[in-house]
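S.K.: Contents of upload07.txt (compact mmCIF, C-alpha atoms) are below:
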# COMPACT_ATOMS: atom_id res chain seq x y z
CA MET Y 21 5.88 18.15 40.21
CA ILE Y 22 3.26 16.75 37.91
CA SER Y 23 3.89 15.84 34.32
CA THR Y 24 1.61 14.21 31.85
CA PHE Y 25 2.46 12.92 28.43
CA MET Y 26 -0.22 12.02 25.92
CA ILE Y 27 -0.23 10.72 22.38
CA ILE Y 28 -3.27 11.82 20.44
CA GLY Y 29 -4.11 10.25 17.12
CA LYS Y 30 -5.29 11.62 13.85
CA ASP Y 31 -8.95 12.11 14.70
CA ASP Y 32 -8.30 13.53 18.19
CA VAL Y 33 -8.50 10.10 19.75
CA PRO Y 34 -6.10 9.61 22.68
CA LEU Y 35 -3.81 6.68 22.06
CA TYR Y 36 -1.56 6.73 25.08
CA GLU Y 37 -1.31 8.49 28.39
CA ALA Y 38 1.42 8.52 30.99
CA SER Y 39 1.54 10.57 34.15
CA PHE Y 40 4.62 11.14 36.23
CA PHE Y 41 4.28 12.14 39.85
CA ASN Y 42 6.76 13.08 42.48
CA SER Y 43 4.53 12.69 45.48
CA LYS Y 44 1.37 10.73 46.19
CA LYS Y 45 -0.70 13.67 47.43
CA GLN Y 46 -0.74 15.26 44.02
CA LYS Y 47 -1.81 12.09 42.29
CA GLU Y 48 -5.44 12.06 43.37
CA GLY Y 49 -6.81 15.34 42.14
CA SER Y 50 -4.70 16.35 39.23
CA SER Y 51 -5.06 13.66 36.61
CA HIS Y 52 -8.28 15.09 35.23
CA LEU Y 53 -6.91 18.60 35.22
CA SER Y 54 -3.93 17.68 33.10
CA GLN Y 55 -6.13 15.89 30.56
CA PHE Y 56 -8.39 18.94 30.42
CA VAL Y 57 -5.49 21.30 29.80
CA ILE Y 58 -4.08 19.09 27.05
CA HIS Y 59 -7.48 18.83 25.40
CA ALA Y 60 -7.80 22.59 25.44
CA ALA Y 61 -4.37 22.93 23.88
CA LEU Y 62 -5.33 20.81 20.89
CA ASP Y 63 -6.95 23.71 19.08
CA ILE Y 64 -3.87 25.82 19.41
CA ILE Y 65 -1.75 22.93 18.21
CA GLU Y 66 -3.86 22.57 15.08
CA GLU Y 67 -3.41 26.25 14.32
CA LYS Y 68 0.32 26.08 14.78
CA VAL Y 69 0.58 23.05 12.53
CA LEU Y 70 -0.65 25.06 9.56
CA SER Y 71 2.04 27.68 9.94
CA ASN Y 72 4.97 25.61 11.18
CA GLU Y 73 6.45 22.91 9.00
CA ASN Y 74 8.70 21.39 11.67
CA PHE Y 75 7.55 18.45 13.70
CA PHE Y 76 8.53 20.04 17.00
CA LEU Y 77 6.26 22.95 17.86
CA GLY Y 78 7.81 23.98 21.14
CA VAL Y 79 5.79 25.52 23.89
CA VAL Y 80 2.26 25.80 22.71
CA ASP Y 81 0.21 26.95 25.66
CA ASN Y 82 0.41 28.08 29.26
CA PHE Y 83 -2.07 27.44 32.00
CA ASN Y 84 -1.36 28.71 35.50
CA ASN Y 85 2.03 27.21 36.02
CA PHE Y 86 1.73 24.43 33.46
CA THR Y 87 3.47 24.60 30.10
CA VAL Y 88 2.28 22.53 27.22
CA SER Y 89 4.73 21.52 24.53
CA ALA Y 90 3.84 19.60 21.41
CA PHE Y 91 5.31 17.55 18.61
CA VAL Y 92 3.19 16.69 15.59
CA THR Y 93 4.09 14.15 12.91
CA THR Y 94 3.21 14.04 9.23
CA GLY Y 95 0.25 11.84 9.95
CA MET Y 96 -1.13 14.41 12.42
CA VAL Y 97 -0.26 12.25 15.40
CA LYS Y 98 0.31 14.64 18.29
CA PHE Y 99 2.67 14.06 21.17
CA VAL Y 100 1.77 16.47 23.95
CA LEU Y 101 3.74 17.03 27.12
CA LEU Y 102 2.47 18.93 30.09
CA THR Y 103 5.13 20.06 32.56
CA GLU Y 104 5.76 22.51 35.30
CA ASN Y 105 9.30 23.37 34.35
CA LYS Y 106 10.33 25.28 31.28
CA ASN Y 107 13.17 23.28 29.72
CA VAL Y 108 12.70 23.31 25.99
CA ASP Y 109 15.76 21.40 24.84
CA SER Y 110 15.18 18.35 26.97
CA THR Y 111 11.60 18.09 25.80
CA LYS Y 112 12.77 18.13 22.18
CA ALA Y 113 15.10 15.20 22.81
CA PHE Y 114 12.34 13.41 24.69
CA PHE Y 115 9.92 13.88 21.82
CA ASN Y 116 12.40 12.55 19.31
CA ASP Y 117 13.02 9.47 21.42
CA VAL Y 118 9.32 8.80 21.86
CA TYR Y 119 8.78 9.30 18.13
CA GLU Y 120 11.29 6.56 17.41
CA LEU Y 121 9.45 4.26 19.82
CA TYR Y 122 6.15 5.17 18.23
CA LEU Y 123 7.47 4.25 14.79
CA LYS Y 124 8.43 0.87 16.13
CA VAL Y 125 4.92 0.40 17.48
CA ILE Y 126 3.48 1.27 14.08
CA LEU Y 127 5.65 -1.23 12.27
CA ASN Y 128 4.00 -4.00 14.26
CA PRO Y 129 1.60 -5.59 11.75
CA PHE Y 130 -0.82 -6.49 14.51
CA TYR Y 131 -1.15 -2.92 15.65
CA LYS Y 132 -4.04 -1.12 14.06
CA GLN Y 133 -3.27 2.54 13.52
CA ASN Y 134 -5.23 5.03 15.59
CA SER Y 135 -5.98 2.41 18.20
CA PRO Y 136 -4.75 2.63 21.82
CA ILE Y 137 -1.16 1.65 22.47
CA VAL Y 138 -1.22 -1.00 25.16
CA SER Y 139 2.26 -2.42 24.94
CA PRO Y 140 3.88 -2.53 28.40
CA TYR Y 141 7.29 -2.37 26.75
CA PHE Y 142 6.39 0.95 25.17
CA ASP Y 143 5.11 2.22 28.49
CA LYS Y 144 8.29 1.21 30.29
CA LYS Y 145 10.53 2.79 27.70
CA VAL Y 146 8.62 6.06 27.69
CA ARG Y 147 8.92 6.33 31.44
CA GLU Y 148 12.63 5.60 31.24
CA LYS Y 149 13.12 8.32 28.65
CA PHE Y 150 11.17 10.79 30.67
CA SER Y 151 13.14 10.30 33.82
CA LYS Y 152 16.30 11.29 31.95
CA MET R 7 16.61 -3.54 0.42
CA SER R 8 16.58 -5.84 -2.61
CA VAL R 9 15.69 -8.76 -0.34
CA SER R 10 12.66 -6.98 1.01
CA TYR R 11 11.40 -6.21 -2.50
CA SER R 12 11.33 -9.82 -3.54
CA LEU R 13 9.62 -10.78 -0.28
CA LEU R 14 6.98 -8.17 -0.86
CA GLU R 15 6.43 -9.41 -4.39
CA GLN R 16 6.18 -12.97 -3.21
CA ILE R 17 3.70 -12.11 -0.51
CA ILE R 18 1.54 -10.19 -2.93
CA PHE R 19 1.64 -12.90 -5.56
CA GLU R 20 0.84 -15.59 -3.04
CA SER R 21 -2.08 -13.66 -1.66
CA VAL R 22 -3.51 -12.92 -5.09
CA HIS R 23 -3.14 -16.51 -6.25
CA TYR R 24 -4.86 -17.63 -3.07
CA VAL R 25 -7.61 -15.12 -3.73
CA ILE R 26 -8.19 -16.28 -7.28
CA ARG R 27 -8.36 -19.87 -6.13
CA THR R 28 -10.70 -19.18 -3.22
CA VAL R 29 -13.03 -17.00 -5.28
CA HIS R 30 -13.74 -19.78 -7.68
CA SER R 31 -13.80 -22.57 -5.14
CA GLN R 32 -16.04 -20.66 -2.72
CA SER R 33 -18.49 -19.60 -5.34
CA LYS R 34 -18.91 -23.26 -6.23
CA VAL R 35 -19.73 -24.20 -2.65
CA LEU R 36 -21.88 -21.31 -1.52
CA ASP R 37 -24.08 -20.84 -4.55
CA PRO R 38 -26.45 -23.80 -4.67
CA GLU R 39 -28.43 -22.46 -7.60
CA GLU R 40 -25.53 -22.83 -10.00
CA THR R 41 -26.30 -24.99 -12.96
CA ASN R 42 -24.18 -28.01 -13.87
CA LEU R 43 -22.81 -26.17 -16.86
CA ARG R 44 -21.39 -23.40 -14.67
CA VAL R 45 -19.83 -25.92 -12.34
CA LYS R 46 -18.14 -27.57 -15.28
CA ILE R 47 -16.82 -24.25 -16.50
CA ALA R 48 -15.52 -23.44 -13.04
CA THR R 49 -13.63 -26.71 -12.75
CA ARG R 50 -12.15 -26.25 -16.20
CA PHE R 51 -11.13 -22.72 -15.24
CA ASN R 52 -9.42 -23.96 -12.08
CA GLU R 53 -7.45 -26.50 -14.07
CA LYS R 54 -6.42 -23.87 -16.55
CA GLU R 55 -5.34 -21.54 -13.74
CA GLU R 56 -3.03 -24.25 -12.45
CA LYS R 57 -1.75 -24.95 -15.92
CA LYS R 58 -1.11 -21.27 -16.48
CA LYS R 59 0.90 -21.02 -13.30
CA LYS R 60 3.06 -23.97 -14.26
CA GLU R 61 3.47 -22.67 -17.76
CA LYS R 62 4.44 -19.22 -16.54
CA ASP R 63 7.37 -20.72 -14.66
CA ILE R 64 8.40 -22.93 -17.55
CA GLU R 65 8.03 -20.16 -20.09
CA LYS R 66 10.53 -17.88 -18.47
CA ASP R 67 13.21 -20.55 -18.77
CA LYS R 68 12.33 -21.65 -22.26
CA GLU R 69 11.96 -18.22 -23.82
CA LYS R 70 15.61 -17.36 -24.00
CA LYS R 71 17.00 -20.78 -24.80
CA ASN R 72 14.73 -22.48 -27.32
CA GLU R 73 13.70 -19.82 -29.82
CA ASN R 74 13.36 -22.04 -32.86
CA GLU R 75 11.58 -24.83 -31.08
CA ASN R 76 8.96 -22.43 -29.77
CA GLN R 77 8.28 -21.05 -33.19
CA LYS R 78 7.57 -24.50 -34.57
CA GLU R 79 5.43 -25.46 -31.59
CA ASN R 80 3.36 -22.31 -31.78
CA GLN R 81 2.59 -22.74 -35.43
CA GLN R 82 0.95 -25.98 -34.46
CA GLU R 83 -0.57 -24.53 -31.29
CA THR R 84 -2.20 -21.51 -32.90
CA VAL R 85 -5.04 -23.72 -33.95
CA GLY R 86 -5.28 -25.15 -30.43
CA ASN R 87 -5.19 -21.66 -28.89
CA LYS R 88 -8.06 -20.49 -31.04
CA LYS R 89 -10.14 -23.34 -29.72
CA LYS R 90 -9.22 -22.39 -26.14
CA ASP R 91 -10.31 -18.83 -26.82
CA GLN R 92 -13.70 -20.03 -27.89
CA GLU R 93 -14.03 -22.08 -24.75
CA ASN R 94 -13.09 -19.03 -22.74
CA VAL R 95 -15.89 -16.89 -24.13
CA PRO R 96 -18.69 -18.19 -21.90
CA GLN R 97 -16.36 -17.83 -18.93
CA LEU R 98 -16.18 -14.09 -19.50
CA GLU R 99 -19.56 -13.68 -17.89
CA PHE R 100 -18.50 -15.87 -15.01
CA ILE R 101 -15.45 -13.75 -14.26
CA SER R 102 -16.80 -10.28 -14.84
CA SER R 103 -19.92 -10.53 -12.68
CA LYS R 104 -18.71 -9.42 -9.27
CA THR R 105 -20.29 -11.54 -6.61
CA ASP R 106 -20.36 -10.56 -2.96
CA ILE R 107 -17.53 -12.95 -2.23
CA GLU R 108 -15.37 -11.34 -4.86
CA ARG R 109 -16.14 -7.89 -3.54
CA ASN R 110 -15.29 -9.03 -0.04
CA ILE R 111 -11.96 -10.40 -1.17
CA ILE R 112 -11.18 -7.31 -3.22
CA ASN R 113 -11.94 -5.27 -0.12
CA ARG R 114 -9.58 -7.36 1.96
CA LEU R 115 -6.78 -7.02 -0.59
CA GLU R 116 -7.27 -3.30 -0.64
CA ILE R 117 -7.14 -3.11 3.14
CA ILE R 118 -3.86 -5.02 3.13
CA GLY R 119 -2.47 -2.35 0.82
CA TYR R 120 -4.07 0.40 2.91
CA ARG R 121 -2.35 -0.66 6.09
CA LEU R 122 0.94 -1.09 4.29
CA GLY R 123 0.66 2.39 2.80
CA GLU R 124 -0.20 3.97 6.15
CA ARG R 125 2.76 2.52 7.94
CA THR R 126 5.22 3.17 5.15
CA ALA R 127 4.14 6.79 4.87
CA GLU R 128 4.45 7.40 8.59
CA ARG R 129 7.85 5.76 8.67
CA ILE R 130 9.33 7.47 5.62
CA ALA R 131 8.03 10.92 6.49
CA LYS R 132 10.30 10.96 9.49
CA ASN R 133 12.95 13.35 8.30
CA LYS R 134 10.90 15.39 5.89
CA PRO R 135 9.06 18.57 6.82
CA ARG R 136 5.32 18.42 7.07
CA PHE R 137 3.44 18.98 3.83
CA GLN R 138 1.27 22.02 3.45
CA GLU R 139 0.05 21.68 -0.09
CA GLU R 140 -1.75 18.91 -1.90
CA VAL R 141 0.84 18.88 -4.69
CA GLU R 142 3.61 18.15 -2.24
CA LYS R 143 1.64 15.31 -0.72
CA MET R 144 1.03 13.70 -4.09
CA ARG R 145 4.64 14.12 -5.04
CA PHE R 146 5.64 12.48 -1.78
CA VAL R 147 3.59 9.41 -2.64
CA ALA R 148 4.77 9.34 -6.23
CA LYS R 149 8.45 9.69 -5.41
CA ASP R 150 9.28 8.58 -1.90
CA ILE R 151 6.83 5.77 -1.33
CA TRP R 152 7.30 4.36 -4.80
CA THR R 153 11.09 4.31 -4.44
CA GLU R 154 10.82 2.75 -1.02
CA LEU R 155 8.51 -0.03 -2.12
CA PHE R 156 9.29 -0.55 -5.80
CA GLY R 157 12.74 0.91 -6.35
CA LYS R 158 11.73 3.56 -8.85
CA MET R 159 9.61 6.67 -9.08
CA VAL R 160 6.30 7.05 -10.79
CA ASN R 161 6.92 8.01 -14.41
CA ASN R 162 4.16 10.54 -14.80
CA LEU R 163 2.00 12.39 -12.31
CA ARG R 164 -0.96 14.29 -13.72
CA THR R 165 -3.95 16.12 -12.38
CA ASN R 166 -7.08 17.65 -13.73
CA HIS R 167 -6.99 20.32 -11.03
CA GLN R 168 -10.39 19.18 -9.84
CA GLY R 169 -9.35 16.61 -7.29
CA LYS R 170 -8.26 13.86 -9.63
CA TRP R 171 -4.66 12.69 -9.70
CA MET R 172 -3.13 10.05 -11.95
CA PHE R 173 0.02 8.11 -11.17
CA GLN R 174 1.39 6.47 -14.27
CA ASP R 175 4.06 3.85 -13.96
CA ASP R 176 5.45 2.61 -17.28
CA ASP R 177 7.14 -0.42 -15.84
CA PHE R 178 5.26 -1.47 -12.75
CA LYS R 179 7.34 -3.87 -10.76
CA LEU R 180 4.61 -6.10 -9.39
CA ILE R 181 3.18 -7.07 -12.75
CA ARG R 182 6.30 -6.85 -14.79
CA ASN R 183 6.97 -10.55 -15.12
CA ILE R 184 3.42 -11.73 -15.67
CA SER R 185 2.84 -13.51 -18.94
CA PHE R 186 -0.26 -15.13 -20.31
CA THR R 187 -0.08 -18.42 -22.17
CA LEU R 188 -2.97 -17.45 -24.43
CA SER R 189 -0.90 -14.65 -25.87
CA GLU R 190 2.12 -16.87 -26.35
CA GLU R 191 1.85 -16.35 -30.10
CA LEU R 192 1.79 -12.61 -29.59
CA GLN R 193 4.78 -12.77 -27.32
CA ASN R 194 6.71 -14.78 -29.83
CA LEU R 195 5.76 -12.38 -32.59
CA ASN R 196 7.13 -9.55 -30.50
CA HIS R 197 10.15 -11.66 -29.66
CA GLN R 198 10.85 -12.38 -33.35
CA GLN R 199 10.61 -8.72 -34.25
CA ASN R 200 12.98 -7.82 -31.48
CA THR R 201 15.55 -10.47 -32.43
CA ARG R 202 15.63 -9.14 -35.97
CA LYS R 203 16.20 -5.63 -34.68
CA ASN R 204 18.83 -6.77 -32.26
CA GLN R 205 20.78 -9.04 -34.57
CA GLN R 206 23.12 -6.19 -35.24
CA LYS R 207 23.56 -5.51 -31.55
CA GLN R 208 25.61 -7.95 -29.56
CA LYS R 209 23.62 -7.99 -26.37
CA GLN R 210 19.90 -8.39 -26.18
CA THR R 211 18.52 -6.02 -23.62
CA THR R 212 15.38 -6.92 -21.69
CA THR R 213 12.47 -6.19 -23.95
CA THR R 214 9.65 -4.36 -22.26
CA THR R 215 7.29 -5.51 -24.92
CA ASN R 216 3.91 -3.91 -24.53
CA ILE R 217 1.50 -6.73 -25.06
CA THR R 218 -2.12 -5.95 -25.75
CA MET R 219 -4.47 -8.19 -23.87
CA THR R 220 -7.91 -9.65 -24.17
CA GLU R 221 -10.68 -8.70 -21.78
CA SER R 222 -10.41 -11.84 -19.67
CA GLN R 223 -6.69 -11.30 -19.21
CA LYS R 224 -7.33 -7.74 -18.10
CA GLN R 225 -9.81 -9.04 -15.55
CA ILE R 226 -7.21 -11.38 -14.12
CA LEU R 227 -4.58 -8.68 -14.08
CA GLN R 228 -6.97 -6.35 -12.29
CA SER R 229 -6.71 -8.49 -9.18
CA TYR R 230 -3.00 -7.70 -8.90
CA LEU R 231 -3.69 -4.00 -8.86
CA TYR R 232 -5.86 -3.85 -5.75
CA ILE R 233 -2.98 -3.96 -3.31
CA PRO R 234 -1.11 -1.02 -4.91
CA CYS R 235 -4.38 0.92 -4.98
CA GLY R 236 -4.66 0.31 -1.26
CA ILE R 237 -1.06 1.36 -0.74
CA ILE R 238 -1.70 4.71 -2.40
CA ARG R 239 -4.90 5.21 -0.46
CA GLY R 240 -3.26 4.34 2.84
CA ALA R 241 -0.27 6.57 2.27
CA LEU R 242 -2.45 9.52 1.32
CA SER R 243 -4.77 8.95 4.23
CA ALA R 244 -1.81 8.91 6.61
CA ILE R 245 -0.77 12.28 5.24
CA GLY R 246 -4.30 13.59 5.55
CA VAL R 247 -5.81 13.28 2.09
CA GLU R 248 -8.90 11.09 1.89
CA CYS R 249 -9.45 9.61 -1.54
CA THR R 250 -10.55 6.63 -3.57
CA VAL R 251 -8.02 4.93 -5.80
CA THR R 252 -8.58 2.77 -8.86
CA GLY R 253 -5.99 1.07 -11.01
CA ILE R 254 -6.07 0.21 -14.69
CA CYS R 255 -3.59 -1.73 -16.76
CA GLU R 256 -3.89 -1.28 -20.49
CA GLN R 257 -0.57 -2.65 -21.70
CA LEU R 258 1.24 -5.16 -19.67
CA PRO R 259 4.02 -3.42 -17.75
CA ALA R 260 2.39 0.00 -17.74
CA CYS R 261 -0.43 0.91 -15.41
CA VAL R 262 -2.24 3.99 -14.24
CA PHE R 263 -3.59 4.59 -10.75
CA THR R 264 -6.24 7.27 -10.41
CA ALA R 265 -6.87 8.94 -7.06
CA LYS R 266 -10.04 10.94 -6.59
CA ILE R 267 -9.98 13.19 -3.59
CA ILE R 268 -13.03 13.15 -1.36
CA ASN R 269 -13.88 16.68 -0.28
CA LYS R 270 -15.43 16.84 3.13
CA LYS R 271 -17.68 19.85 3.43
Show this structure as structure tokens.
M.R.:
Amino acid sequence: MISTFMIIGKDDVPLYEASFFNSKKQKEGSSHLSQFVIHAALDIIEEKVLSNENFFLGVVDNFNNFTVSAFVTTGMVKFVLLTENKNVDSTKAFFNDVYELYLKVILNPFYKQNSPIVSPYFDKKVREKFSK
Amino acid sequence: MSVSYSLLEQIIFESVHYVIRTVHSQSKVLDPEETNLRVKIATRFNEKEEKKKKEKDIEKDKEKKNENENQKENQQETVGNKKKDQENVPQLEFISSKTDIERNIINRLEIIGYRLGERTAERIAKNKPRFQEEVEKMRFVAKDIWTELFGKMVNNLRTNHQGKWMFQDDDFKLIRNISFTLSEELQNLNHQQNTRKNQQKQKQTTTTTNITMTESQKQILQSYLYIPCGIIRGALSAIGVECTVTGICEQLPACVFTAKIINKK
């Protein structure tokens, strides 16, 4: 099972990417595919943002057996999750947790907004949250 | 939260004082074509800046306690103050011409405010629904960000419906306690009028006396307004509204910030 989680900033600049794999065979070929699917979903996300005033947008797009779910903040920072299962509730909790972590990253005065998030602590915490 | 307000104020005051000092010291060093006269004026200005800072601190203590003594002193000092005003006149040109260094520093102050506004907006907007309309976004800045940073809301929010928004704060926290020694006589005039009014009342409430200022004082006060301008710009940019913000202070505690929206076509 492949899952990719990306944080995309205000001007469609990717800020963070994390991929979760269950087996090594899948790792080689699929990383580009997941990025491509997420990129394609951005347009749909932008459309949904105009109509939906909640942060959590739910399932936004489907591609083959992938489902893309999204969470967009006030500052148009998009958290996008690409999965192969269809649990909606767990993704909502995951997004909320990651949002809290993201806010902590922002509060760091040395972090310039809309620049890549390179903190290993953030990375570790996101992976922990995802495995739950 | 009250602790964080005073820290914020302190940081801003320190940075602006540092800026004022570096502007005048740097322009002495880096401009070799300055005449001796200008150098003399600059040194005199630096001394007066330091005197003003000391006197600001002393004034706050003296004002409430020694009313009568101040009146007597100022009658003698009015003559001295007039002389100081005359000396200040040639300095007006020195202050108002914006050199590259000054512009650079103003830019840096504004960026400090910008980053602060961005982060604060992102953090506060956590539990609120996303804004669809421009009005809501402006109201968000005027109410939520102002209460978060300054403890009160903007008093008046106006627009000309053509992309220009004005935030008017009648008692702006960051410049509330600034006093100028040159207008000491004015302050004491205001103070006398207020004591006569309040003699019947038992308690004397804090007087938000609106003091009119000379041009040079407005120039100095302008430097305190760059950070709030940046805060507004940052907050709006985080929400998705690109604009330019300018701040004006006509009477001492009241100031108006104007945001002009940049339309991208």
S.K.: Kindly indicate which residue among Y:Leu77, Y:Ala113, Y:Leu102, Y:Ile137 lies nearest to chain R, using only C-alpha atoms for the distances.
M.R.: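 Smallest separation from chain R among the options: Y:Leu77.
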S.K.: Using all atoms listed in the file, determine which residues of chain R fall within 9 Å of chain Y; present them as a ChimeraX atom specification.
M.R.: /R:121-122,124-129,131-132,134-138,243-246
S.K.: If you measure from CA of Glu37 (chain Y) to CA of Glu67 (chain Y), what distance in Å do you get, rounded to one decimal?
M.R.: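 A separation of 22.8 Å between them.
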S.K.: Would you work out the distance separating CA of Glu116 (chain R) from CA of Ala265 (chain R), expressed in Å to one decimal?
M.R.: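 Separation of CA of Glu116 (chain R) and CA of Ala265 (chain R): 13.8 Å.
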S.K.: Between CA of Val88 (chain Y) and CA of Asp31 (chain Y), measure the distance and give it in Å to one decimal.
M.R.: 19.8 Å
S.K.: With distances taken over all atoms listed in the file, which residue among R:Asn183, R:Ile107, R:Val141, R:Pro234 lies nearest Phe156 (chain R)?
M.R.: R:Pro234
S.K.: Select all residues near (-0.1, -1.1, -15.5) (cut-off 9 Å, inclusive, file coordinates), counting all atoms listed in the file, and output them as a list in words.
M.R.: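 I get Gln174, Asp175, Asp176, Asp177, Phe178, Ile181, Arg182, Leu227, Leu231, Gly253, Ile254, Cys255, Glu256, Gln257, Leu258, Pro259, Ala260, Cys261, Val262 and Phe263 of chain R for the residues within 9 Å of that point.
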S.K.: Using all atoms listed in the file, which residue out of Y:Ser39, Y:Ser89, Y:Asn84, Y:Gln55 lies closest to Lys112 (chain Y)?
M.R.: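 Comparing Y:Ser39, Y:Ser89, Y:Asn84, Y:Gln55 against Lys112 (chain Y), the winner is Y:Ser89.
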S.K.: So, counting all atoms listed in the file, which residue among Y:Asp143, Y:Ser110, Y:Pro34, Y:Ile22 is closest to Asn85 (chain Y)?
M.R.: Y:Ile22
S.K.: For the point (8.3, 18.2, 26.5) in file coordinates, what residues are within 10 Å, counting only C-alpha atoms? Give the answer as a ChimeraX atom specification?
M.R.: /Y:23-25,76,78-79,87-91,99-103,105-115,150
S.K.: Given the choices Y:Phe41, Y:Val118, Y:Phe86, Y:Tyr36, which gets closest to Phe56 (chain Y) if the distance is worked out from all atoms listed in the file?
M.R.: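 Counting all atoms listed in the file, the residue closest to Phe56 (chain Y) is Y:Phe86.
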